[in-house]
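What follows is a set of notes on a single structure, which appears directly below.
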Amino acid sequence: MPGVCRTTNDVSRMNDVTARPEVVAARGIKVTFGAVKALDGADLVIHAGECVGLVGHNGAGKSTIVNVINGGLTPHAGDISYGGNVGQHGISAARANGVRCVFQELSLCPNLIVNENARIMHAELAGWNWRAKALALVERQLREIFPGHGIDCDSTVDDLSIAERQMVEIAISFAGLHDRPKLVILDEPTSSLDAGLAAQLMAYIRRFVGEGGSVLLISHILGEILSTSDRIVVMKDGRVVADRPASEFSTRTLVEAMGNVVREKEWLRSSDKRGGTAALSMPARRGHGLPFEAHRGEMIGLAGLGGHGQTEMLLDLYLSRNGNWWPARKGEIAFVAGDRSLNGTFPLWSILNNLSIASLGNLSSRSIVDQGRETSLGDGWKKRIEIRTPDMENRILSLSGGNQQKVLFARALATTAGIVLMDDPMRGVDVGTKQEVYEILRSEAANGRTFIWYSTEMDEIRLCDRVYVFREGSIVAELVGNEITEQNVLAASFSGGEAA
Amino acid sequence: MNSARILFSKPWIWSFAATVIVWVVTVLFTGGASSLGLSQAALTFAAFSVIVGIGQMFVITLGPGNIDLSVPATMTLSGTLALKLMDVQDSMIVVGLLVSILLGFAIGIGNYVLIKLLRIPPIIATLSMSFIIQSTAIWTNRGLRIKPPEVLANFTTSSLFGIPNIAIVALILSGIAWVLLEKTIYGRWISAIGQSTFAARMTGIPVDGTRLVTYILCAILASICGYLLASFSGGAALNMGSEYLLMSIAVVVIGGTAVAGGNSNIPGIWGASLFMFLVVSMLNTYGFGAGFRLILTGIIIIAVILVAGGRRANR
């Protein structure tokens, strides 16, 4: 991660830190949801002035322990103390002790203006002029964390892009009118941020920690965990399996500690599949830039900074090929959502119904759904993509975020569609699962499926055969094969038309 | 799975339990003399609520904001037109029914045209549509009360093996609706749209087509109900639909269908319809006036929404 300075002597810093007072200590925590042991005797202690990285698989218990620390969940066993005092628990106790949390599922009120959202988090913003005070507070904090952010704090949250919402939420959490927060928990804070914004955030975390605050950082992007944390805690199956200074880890050892074998296979790019007519094409957007074209079996990346028109393009591609009045006779295009709660999951339904909804046409005769075929489709995908649930009839919301995302993948891949659109779908998915999904994508592409993949992660963009770089709503560059490097993508996203 | 969990997972059980309690209380008060008559009357009148309730349920399943307020006017116009057309001739019974259905079809399309093309919220679109329909009914009826054809009148007022014919018709319609909802692709689609229209659109569901069909279905069921009710009560009256505005929505809500959409429940509509009728007759038996009855009806609906909402939050 650029922009973050590492001190040379991590170990001595580490020793300093353990001598400092505890901000939060959770010891021997057990939490069960029905038959599922979400936490099985987990310990997590955070001291003042340190950044603790928390990593683990989807469903390892990361979000659960966060919810115990912020008071949202009462553990079934174990102690929790704030600043050394045992015996108080609950959301207000946690807040009174300066614990703030930025959730993985963004939690701003979409119908309110940015400063009104700040008022919800900061009850001390009172009095006749609270709006102006709130506005000043948020703007100051945004400037401090994300210099040059360009967010209009007078707009409702609805009008902000998902990246901007995340930035606002982070800023509100770090802000403090009278006293600053003691501990800020960041659950996947960079999942919707592009590399530049993520680097700004990581740099700010180091400054915040340097001033005596504490941060609990949860992320699947191991690079930022390694570069930003003082100490890394690895969780697996509801327990802490490793807790060591960050300097003792490398990407490889970290992945191994999580229980994965590192696969360093280089993605072999297939030969150029262009030629013949395009499977999907679209003229240049907004009258400038390059036209879009996709061919059978191609894996096309949509790159560029977050929120520069990639998602809009995917939606346009999808909606232009799908009637709103009459069912499409043959589904030729499928969509994998990135913003699950916006356009992905059906919250009242079971996992199975969520998975099968896009392929009902193939599962039914004379419009009657064949439940036997539906179940076998579900079981097949449960095995293939390893959806972690005892029963596909369970509700979709009983799954962890990453597993819900797998269901959305299965939904699209289970169709007969020749083209699959993906809207940054790997948000919040763990490393192991990502590798499995990449593997499936590759074999599907070899069978002639076309993938159009918007991603904010460079590692994923590098997997594509061809990449279109977006800037301000239109395509400014096309990179093919070996031209796809972080440097070229960044150059094109910042400079505009002339690259490639 | 234990029995308590089954009970909680089937919200329609509550409306049936309430129905049985009210039935027992009423029968006890009258000393058991009225049990058969009360049951038959309950089945007959519940049947009308069930028919309109099913249509309304499909619309409410489409999600927040979706509602059809043109139901009462549609019933009135359908009854008025059909009786006028049949003109007491038995040979015209089928023609009358077909015209009713066609009328419902047209009203459904009209409703959705207003909602979609003029971008009016359903609650206002169907209310204004209802004004047009009701005015048409007044204009065609002109205060005349035409009797239904005799065969039809006999059919709607008699029973088969002690079960009113109307109830049998409603039962058949409920069966069809249940298959539509639980077994077909269409049923999945409306439930998906009710949970998240955007997500439904992005899985390839033709959202507008599905909603159009649903509004048409609701209007057709209201038309059929109006046709049957006019024949049952010996002629169409201009206010015959009015009590079904609240009733069609109340039975859906009390029956356990999610007001926020996405989840619907046909057995519950039966329980709720029987319950609503029995509450009214119980209050009648105890000698309460019309005003108090209506107040109590309102309180019951609010209480049910409160209890149902609480259950959902606890999950």
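To be explicit about the labels: the chains of the structure tokens are called A, B, and onward in the order shown, and within each one the residues are counted from 1, while ligands get numbers from 1 in the order they are shown.
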- request: Going by DSSP on the backbone, which bits of stretch 9-199 of chain B are helix (DSSP H, G or I)? Write them as number ranges by chain, please.
  value: B: 9, 12-29, 35-61, 71-86, 90-117, 122-141, 150-157, 165-182, 185-195, 197-199
Please, could you write that set of residues out with C-alpha atoms as a CSV table (one decimal), in the first residue's frame?
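Output contents, as saved in out.csv:
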chain,number,residue,atom,x,y,z
B,9,SER,CA,-44.3,-20.6,11.0
B,12,TRP,CA,-52.8,-18.2,9.0
B,13,ILE,CA,-53.4,-20.5,12.0
B,14,TRP,CA,-54.0,-17.4,14.1
B,15,SER,CA,-56.9,-16.2,12.0
B,16,PHE,CA,-58.5,-19.6,12.1
B,17,ALA,CA,-58.0,-19.9,15.8
B,18,ALA,CA,-59.7,-16.5,16.3
B,19,THR,CA,-62.5,-17.6,13.9
B,20,VAL,CA,-63.2,-20.7,16.0
B,21,ILE,CA,-63.2,-18.7,19.2
B,22,VAL,CA,-65.7,-16.1,17.9
B,23,TRP,CA,-67.9,-18.8,16.4
B,24,VAL,CA,-68.0,-20.7,19.8
B,25,VAL,CA,-68.8,-17.5,21.7
B,26,THR,CA,-71.6,-16.5,19.3
B,27,VAL,CA,-73.1,-20.0,19.3
B,28,LEU,CA,-72.9,-20.2,23.1
B,29,PHE,CA,-74.8,-16.9,23.4
B,35,SER,CA,-74.8,-23.0,14.7
B,36,LEU,CA,-75.8,-24.4,11.2
B,37,GLY,CA,-77.3,-21.2,10.0
B,38,LEU,CA,-74.5,-19.1,11.3
B,39,SER,CA,-71.9,-21.3,9.7
B,40,GLN,CA,-73.7,-21.2,6.3
B,41,ALA,CA,-74.1,-17.4,6.4
B,42,ALA,CA,-70.5,-17.0,7.5
B,43,LEU,CA,-69.3,-19.2,4.5
B,44,THR,CA,-71.4,-17.3,2.1
B,45,PHE,CA,-70.4,-13.8,3.1
B,46,ALA,CA,-66.8,-14.7,3.7
B,47,ALA,CA,-66.7,-16.1,0.1
B,48,PHE,CA,-67.3,-12.6,-1.3
B,49,SER,CA,-64.5,-11.2,0.8
B,50,VAL,CA,-62.2,-14.1,-0.1
B,51,ILE,CA,-62.7,-13.4,-3.9
B,52,VAL,CA,-61.8,-9.7,-3.7
B,53,GLY,CA,-59.2,-10.4,-1.0
B,54,ILE,CA,-57.3,-12.8,-3.2
B,55,GLY,CA,-57.0,-10.1,-5.9
B,56,GLN,CA,-55.9,-7.5,-3.4
B,57,MET,CA,-53.4,-9.9,-2.0
B,58,PHE,CA,-51.7,-10.4,-5.3
B,59,VAL,CA,-51.4,-6.6,-5.7
B,60,ILE,CA,-50.1,-6.1,-2.1
B,61,THR,CA,-47.6,-8.8,-2.7
B,71,VAL,CA,-62.1,-2.7,-6.1
B,72,PRO,CA,-65.5,-1.5,-4.8
B,73,ALA,CA,-66.3,0.6,-7.9
B,74,THR,CA,-65.3,-2.3,-10.1
B,75,MET,CA,-67.7,-4.6,-8.2
B,76,THR,CA,-70.5,-2.1,-8.6
B,77,LEU,CA,-70.0,-1.4,-12.3
B,78,SER,CA,-69.6,-5.1,-13.0
B,79,GLY,CA,-72.8,-6.0,-11.2
B,80,THR,CA,-74.8,-3.2,-12.7
B,81,LEU,CA,-73.6,-3.8,-16.3
B,82,ALA,CA,-74.0,-7.6,-16.1
B,83,LEU,CA,-77.5,-7.5,-14.7
B,84,LYS,CA,-78.6,-4.9,-17.3
B,85,LEU,CA,-77.1,-6.9,-20.1
B,86,MET,CA,-78.6,-10.2,-18.9
B,90,ASP,CA,-81.3,-17.2,-18.3
B,91,SER,CA,-79.7,-17.6,-21.8
B,92,MET,CA,-77.5,-14.6,-21.2
B,93,ILE,CA,-75.9,-15.8,-17.9
B,94,VAL,CA,-72.6,-16.8,-19.6
B,95,VAL,CA,-72.5,-13.7,-21.7
B,96,GLY,CA,-73.0,-11.6,-18.6
B,97,LEU,CA,-70.1,-13.4,-16.9
B,98,LEU,CA,-67.8,-12.9,-19.9
B,99,VAL,CA,-68.7,-9.2,-20.1
B,100,SER,CA,-67.9,-8.9,-16.4
B,101,ILE,CA,-64.5,-10.5,-16.9
B,102,LEU,CA,-63.8,-8.4,-19.9
B,103,LEU,CA,-64.7,-5.3,-17.9
B,104,GLY,CA,-62.3,-6.3,-15.2
B,105,PHE,CA,-59.6,-6.9,-17.8
B,106,ALA,CA,-60.1,-3.3,-19.2
B,107,ILE,CA,-60.1,-1.8,-15.7
B,108,GLY,CA,-56.9,-3.6,-14.8
B,109,ILE,CA,-55.2,-2.3,-17.9
B,110,GLY,CA,-56.6,1.2,-17.2
B,111,ASN,CA,-55.2,1.1,-13.7
B,112,TYR,CA,-51.7,0.2,-14.8
B,113,VAL,CA,-51.7,2.6,-17.7
B,114,LEU,CA,-52.3,5.4,-15.1
B,115,ILE,CA,-49.6,4.0,-12.8
B,116,LYS,CA,-47.0,3.5,-15.5
B,117,LEU,CA,-47.5,6.0,-18.2
B,122,PRO,CA,-51.0,3.2,-7.3
B,123,ILE,CA,-53.0,4.5,-4.4
B,124,ILE,CA,-53.9,7.7,-6.3
B,125,ALA,CA,-54.2,6.1,-9.7
B,126,THR,CA,-56.6,3.4,-8.6
B,127,LEU,CA,-58.6,5.9,-6.6
B,128,SER,CA,-59.1,8.2,-9.5
B,129,MET,CA,-59.9,5.2,-11.7
B,130,SER,CA,-62.4,4.2,-9.1
B,131,PHE,CA,-64.1,7.6,-9.4
B,132,ILE,CA,-64.5,7.1,-13.2
B,133,ILE,CA,-65.8,3.6,-12.8
B,134,GLN,CA,-68.3,4.6,-10.1
B,135,SER,CA,-69.6,7.5,-12.2
B,136,THR,CA,-70.0,5.2,-15.1
B,137,ALA,CA,-72.0,2.9,-12.9
B,138,ILE,CA,-74.2,5.7,-11.8
B,139,TRP,CA,-74.7,6.8,-15.4
B,140,THR,CA,-75.7,3.3,-16.6
B,141,ASN,CA,-77.7,2.4,-13.6
B,150,GLU,CA,-83.7,-16.7,-12.1
B,151,VAL,CA,-81.2,-19.6,-12.6
B,152,LEU,CA,-78.3,-17.5,-11.6
B,153,ALA,CA,-80.2,-16.1,-8.5
B,154,ASN,CA,-81.0,-19.7,-7.5
B,155,PHE,CA,-77.5,-20.8,-8.0
B,156,THR,CA,-75.9,-18.1,-5.8
B,157,THR,CA,-78.4,-18.6,-3.0
B,165,ASN,CA,-72.4,-22.6,-3.9
B,166,ILE,CA,-70.8,-19.2,-3.5
B,167,ALA,CA,-68.3,-20.7,-1.0
B,168,ILE,CA,-67.5,-23.5,-3.5
B,169,VAL,CA,-66.8,-21.0,-6.2
B,170,ALA,CA,-64.6,-19.1,-3.9
B,171,LEU,CA,-62.8,-22.3,-2.9
B,172,ILE,CA,-62.1,-23.2,-6.5
B,173,LEU,CA,-60.8,-19.7,-7.2
B,174,SER,CA,-58.6,-19.9,-4.1
B,175,GLY,CA,-57.2,-23.3,-5.3
B,176,ILE,CA,-56.3,-21.7,-8.6
B,177,ALA,CA,-54.7,-18.8,-6.9
B,178,TRP,CA,-52.8,-21.0,-4.5
B,179,VAL,CA,-51.3,-23.0,-7.4
B,180,LEU,CA,-50.5,-19.7,-9.2
B,181,LEU,CA,-48.7,-18.4,-6.2
B,182,GLU,CA,-46.9,-21.4,-4.8
B,185,ILE,CA,-43.0,-19.0,-12.2
B,186,TYR,CA,-45.5,-16.1,-12.0
B,187,GLY,CA,-45.9,-16.6,-8.3
B,188,ARG,CA,-42.1,-16.5,-7.7
B,189,TRP,CA,-41.9,-13.4,-9.8
B,190,ILE,CA,-44.5,-11.4,-7.9
B,191,SER,CA,-42.9,-12.4,-4.6
B,192,ALA,CA,-39.5,-11.4,-5.9
B,193,ILE,CA,-40.8,-8.0,-7.1
B,194,GLY,CA,-42.4,-7.5,-3.7
B,195,GLN,CA,-39.0,-8.0,-1.9
B,197,THR,CA,-38.0,-4.6,-7.5
B,198,PHE,CA,-34.4,-3.7,-8.6
B,199,ALA,CA,-33.1,-7.1,-7.7
task: Name the residues of stretch 86-221 of chain B that come out as strand (DSSP E or B) in a backbone DSSP run; write them as number ranges by chain.
output: B: 159-160, 163-164, 184
Requested write-out: N, CA and C atoms of the selected residues, as a short mmCIF file (atom, residue, chain, number, x, y, z; two decimals), in the first residue's frame:
data_model
loop_
_atom_site.label_atom_id
_atom_site.label_comp_id
_atom_site.auth_asym_id
_atom_site.auth_seq_id
_atom_site.Cartn_x
_atom_site.Cartn_y
_atom_site.Cartn_z
N SER B 159 -77.27 -24.23 -1.84
CA SER B 159 -76.09 -24.93 -1.34
C SER B 159 -75.97 -26.32 -1.96
N LEU B 160 -74.78 -26.83 -1.89
CA LEU B 160 -74.53 -28.21 -2.33
C LEU B 160 -73.99 -28.96 -1.10
N ILE B 163 -73.02 -26.87 1.79
CA ILE B 163 -72.03 -25.79 1.61
C ILE B 163 -72.56 -24.84 0.54
N PRO B 164 -72.63 -23.55 0.87
CA PRO B 164 -73.16 -22.59 -0.11
C PRO B 164 -72.38 -22.63 -1.42
N THR B 184 -46.12 -21.74 -9.59
CA THR B 184 -45.74 -21.27 -10.92
C THR B 184 -44.62 -20.23 -10.87
#
- request: With a cut-off of 10 Å and counting only C-alpha atoms, select all residues of chain A in contact with chain B and give the selection as a ChimeraX atom specification.
  value: /A:315,318-319,321-328,331-337,340-349,353-354,357-361,363-371,411-412
- request: For A:Gly297, list every protein, DNA or RNA residue within 7 Å, evaluated using only C-alpha atoms, and leave out those in the same chain fewer than 5 positions away; present the list as a count of residues only.
  value: 6
- request: Within 7 Å of A:Ser281, counting only C-alpha atoms, which residues show up once you throw out same-chain ones fewer than 4 positions away? Write them as number ranges by chain, please.
  value: A: 292-294
message: Using only C-alpha atoms, which protein or nucleic acid residues come within 12 Å of A:Thr253? Drop anything in the same chain fewer than 2 positions from it, and give the result as a list of chain:residue names.
response: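 The contact residues come out as A:Leu222, A:Leu226, A:Ile232, A:Val234, A:Ala242, A:Arg244, A:Ala246, A:Ser247, A:Glu248, A:Phe249, A:Ser250, A:Thr251, A:Val255, A:Glu256, A:Ala257, A:Met258, A:Gly259, A:Asn260, A:Val261, A:Val262.
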task: Take atom CA of A:Met202 and atom CA of A:Leu142 and report the distance between them in Å, one decimal.
output: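 So the two atoms, atom CA of A:Met202 and atom CA of A:Leu142, lie 13.8 Å apart.
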- request: For A:Ala410, work out the shell of residues within 10 Å, counting only C-alpha atoms and skipping chain neighbours fewer than 5 positions away, then give it as a PyMOL selection string.
  value: chain A and resi 336+354-356+358+377-378+380-382+384-385+387+404-405+415+437
field: Selected residue, from B:Ile120, B:Ala237, B:Leu217, B:Ile67, that lies nearest to B:Ile146 when counting only C-alpha atoms
entry: B:Ala237
Nearby residues (only C-alpha atoms) at most 7 Å from stretch 176-189 of chain A, same-chain spacing under 3 positions excluded, as number ranges by chain: A: 98-104, 213-219, 428
Those selected residues, please, written with N, CA and C atoms and delivered as a PDB file, in the first residue's frame.
ATOM      1  N   GLY A  98     -16.226   5.133  24.065  1.00  0.00           N
ATOM      2  CA  GLY A  98     -15.529   5.607  22.879  1.00  0.00           C
ATOM      3  C   GLY A  98     -15.323   4.572  21.789  1.00  0.00           C
ATOM      4  N   VAL A  99     -16.177   3.550  21.748  1.00  0.00           N
ATOM      5  CA  VAL A  99     -16.065   2.553  20.686  1.00  0.00           C
ATOM      6  C   VAL A  99     -16.997   2.947  19.549  1.00  0.00           C
ATOM      7  N   ARG A 100     -16.464   3.041  18.354  1.00  0.00           N
ATOM      8  CA  ARG A 100     -17.282   3.358  17.175  1.00  0.00           C
ATOM      9  C   ARG A 100     -17.085   2.261  16.153  1.00  0.00           C
ATOM     10  N   CYS A 101     -18.062   2.091  15.299  1.00  0.00           N
ATOM     11  CA  CYS A 101     -17.985   0.978  14.360  1.00  0.00           C
ATOM     12  C   CYS A 101     -18.462   1.390  12.977  1.00  0.00           C
ATOM     13  N   VAL A 102     -17.682   1.048  11.972  1.00  0.00           N
ATOM     14  CA  VAL A 102     -18.115   1.220  10.582  1.00  0.00           C
ATOM     15  C   VAL A 102     -18.422  -0.166  10.058  1.00  0.00           C
ATOM     16  N   PHE A 103     -19.689  -0.394   9.716  1.00  0.00           N
ATOM     17  CA  PHE A 103     -20.097  -1.756   9.382  1.00  0.00           C
ATOM     18  C   PHE A 103     -19.806  -2.103   7.940  1.00  0.00           C
ATOM     19  N   GLN A 104     -19.738  -3.404   7.737  1.00  0.00           N
ATOM     20  CA  GLN A 104     -19.534  -3.933   6.398  1.00  0.00           C
ATOM     21  C   GLN A 104     -20.755  -3.607   5.527  1.00  0.00           C
ATOM     22  N   GLY A 213      -5.048   6.844  19.412  1.00  0.00           N
ATOM     23  CA  GLY A 213      -6.298   6.121  19.202  1.00  0.00           C
ATOM     24  C   GLY A 213      -6.032   4.662  18.855  1.00  0.00           C
ATOM     25  N   SER A 214      -7.086   3.849  18.858  1.00  0.00           N
ATOM     26  CA  SER A 214      -6.926   2.455  18.448  1.00  0.00           C
ATOM     27  C   SER A 214      -7.875   2.162  17.294  1.00  0.00           C
ATOM     28  N   VAL A 215      -7.429   1.243  16.456  1.00  0.00           N
ATOM     29  CA  VAL A 215      -8.250   0.848  15.316  1.00  0.00           C
ATOM     30  C   VAL A 215      -8.267  -0.670  15.243  1.00  0.00           C
ATOM     31  N   LEU A 216      -9.452  -1.216  15.020  1.00  0.00           N
ATOM     32  CA  LEU A 216      -9.555  -2.644  14.701  1.00  0.00           C
ATOM     33  C   LEU A 216      -9.912  -2.711  13.229  1.00  0.00           C
ATOM     34  N   LEU A 217      -9.006  -3.247  12.450  1.00  0.00           N
ATOM     35  CA  LEU A 217      -9.162  -3.219  10.993  1.00  0.00           C
ATOM     36  C   LEU A 217      -9.462  -4.633  10.493  1.00  0.00           C
ATOM     37  N   ILE A 218     -10.620  -4.785   9.852  1.00  0.00           N
ATOM     38  CA  ILE A 218     -10.971  -6.072   9.275  1.00  0.00           C
ATOM     39  C   ILE A 218     -10.929  -5.911   7.770  1.00  0.00           C
ATOM     40  N   SER A 219     -10.205  -6.771   7.094  1.00  0.00           N
ATOM     41  CA  SER A 219     -10.135  -6.639   5.646  1.00  0.00           C
ATOM     42  C   SER A 219      -9.716  -7.954   5.045  1.00  0.00           C
ATOM     43  N   GLY A 428     -15.984  -8.328   0.163  1.00  0.00           N
ATOM     44  CA  GLY A 428     -16.229  -9.099   1.374  1.00  0.00           C
ATOM     45  C   GLY A 428     -16.107 -10.593   1.211  1.00  0.00           C
TER      46      GLY A 428
END
- request: Would you mind reading off the distance between atom CA of B:Thr30 and atom CA of B:Tyr244, one decimal, in Å?
  value: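 Computing it gives 27.9 Å between the two atoms.
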- request: Just give me the gap between atom CA of A:Asn403 and atom CA of A:His57 in Å, one decimal is fine.
  value: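 Between these atoms lies a distance of 10.3 Å.
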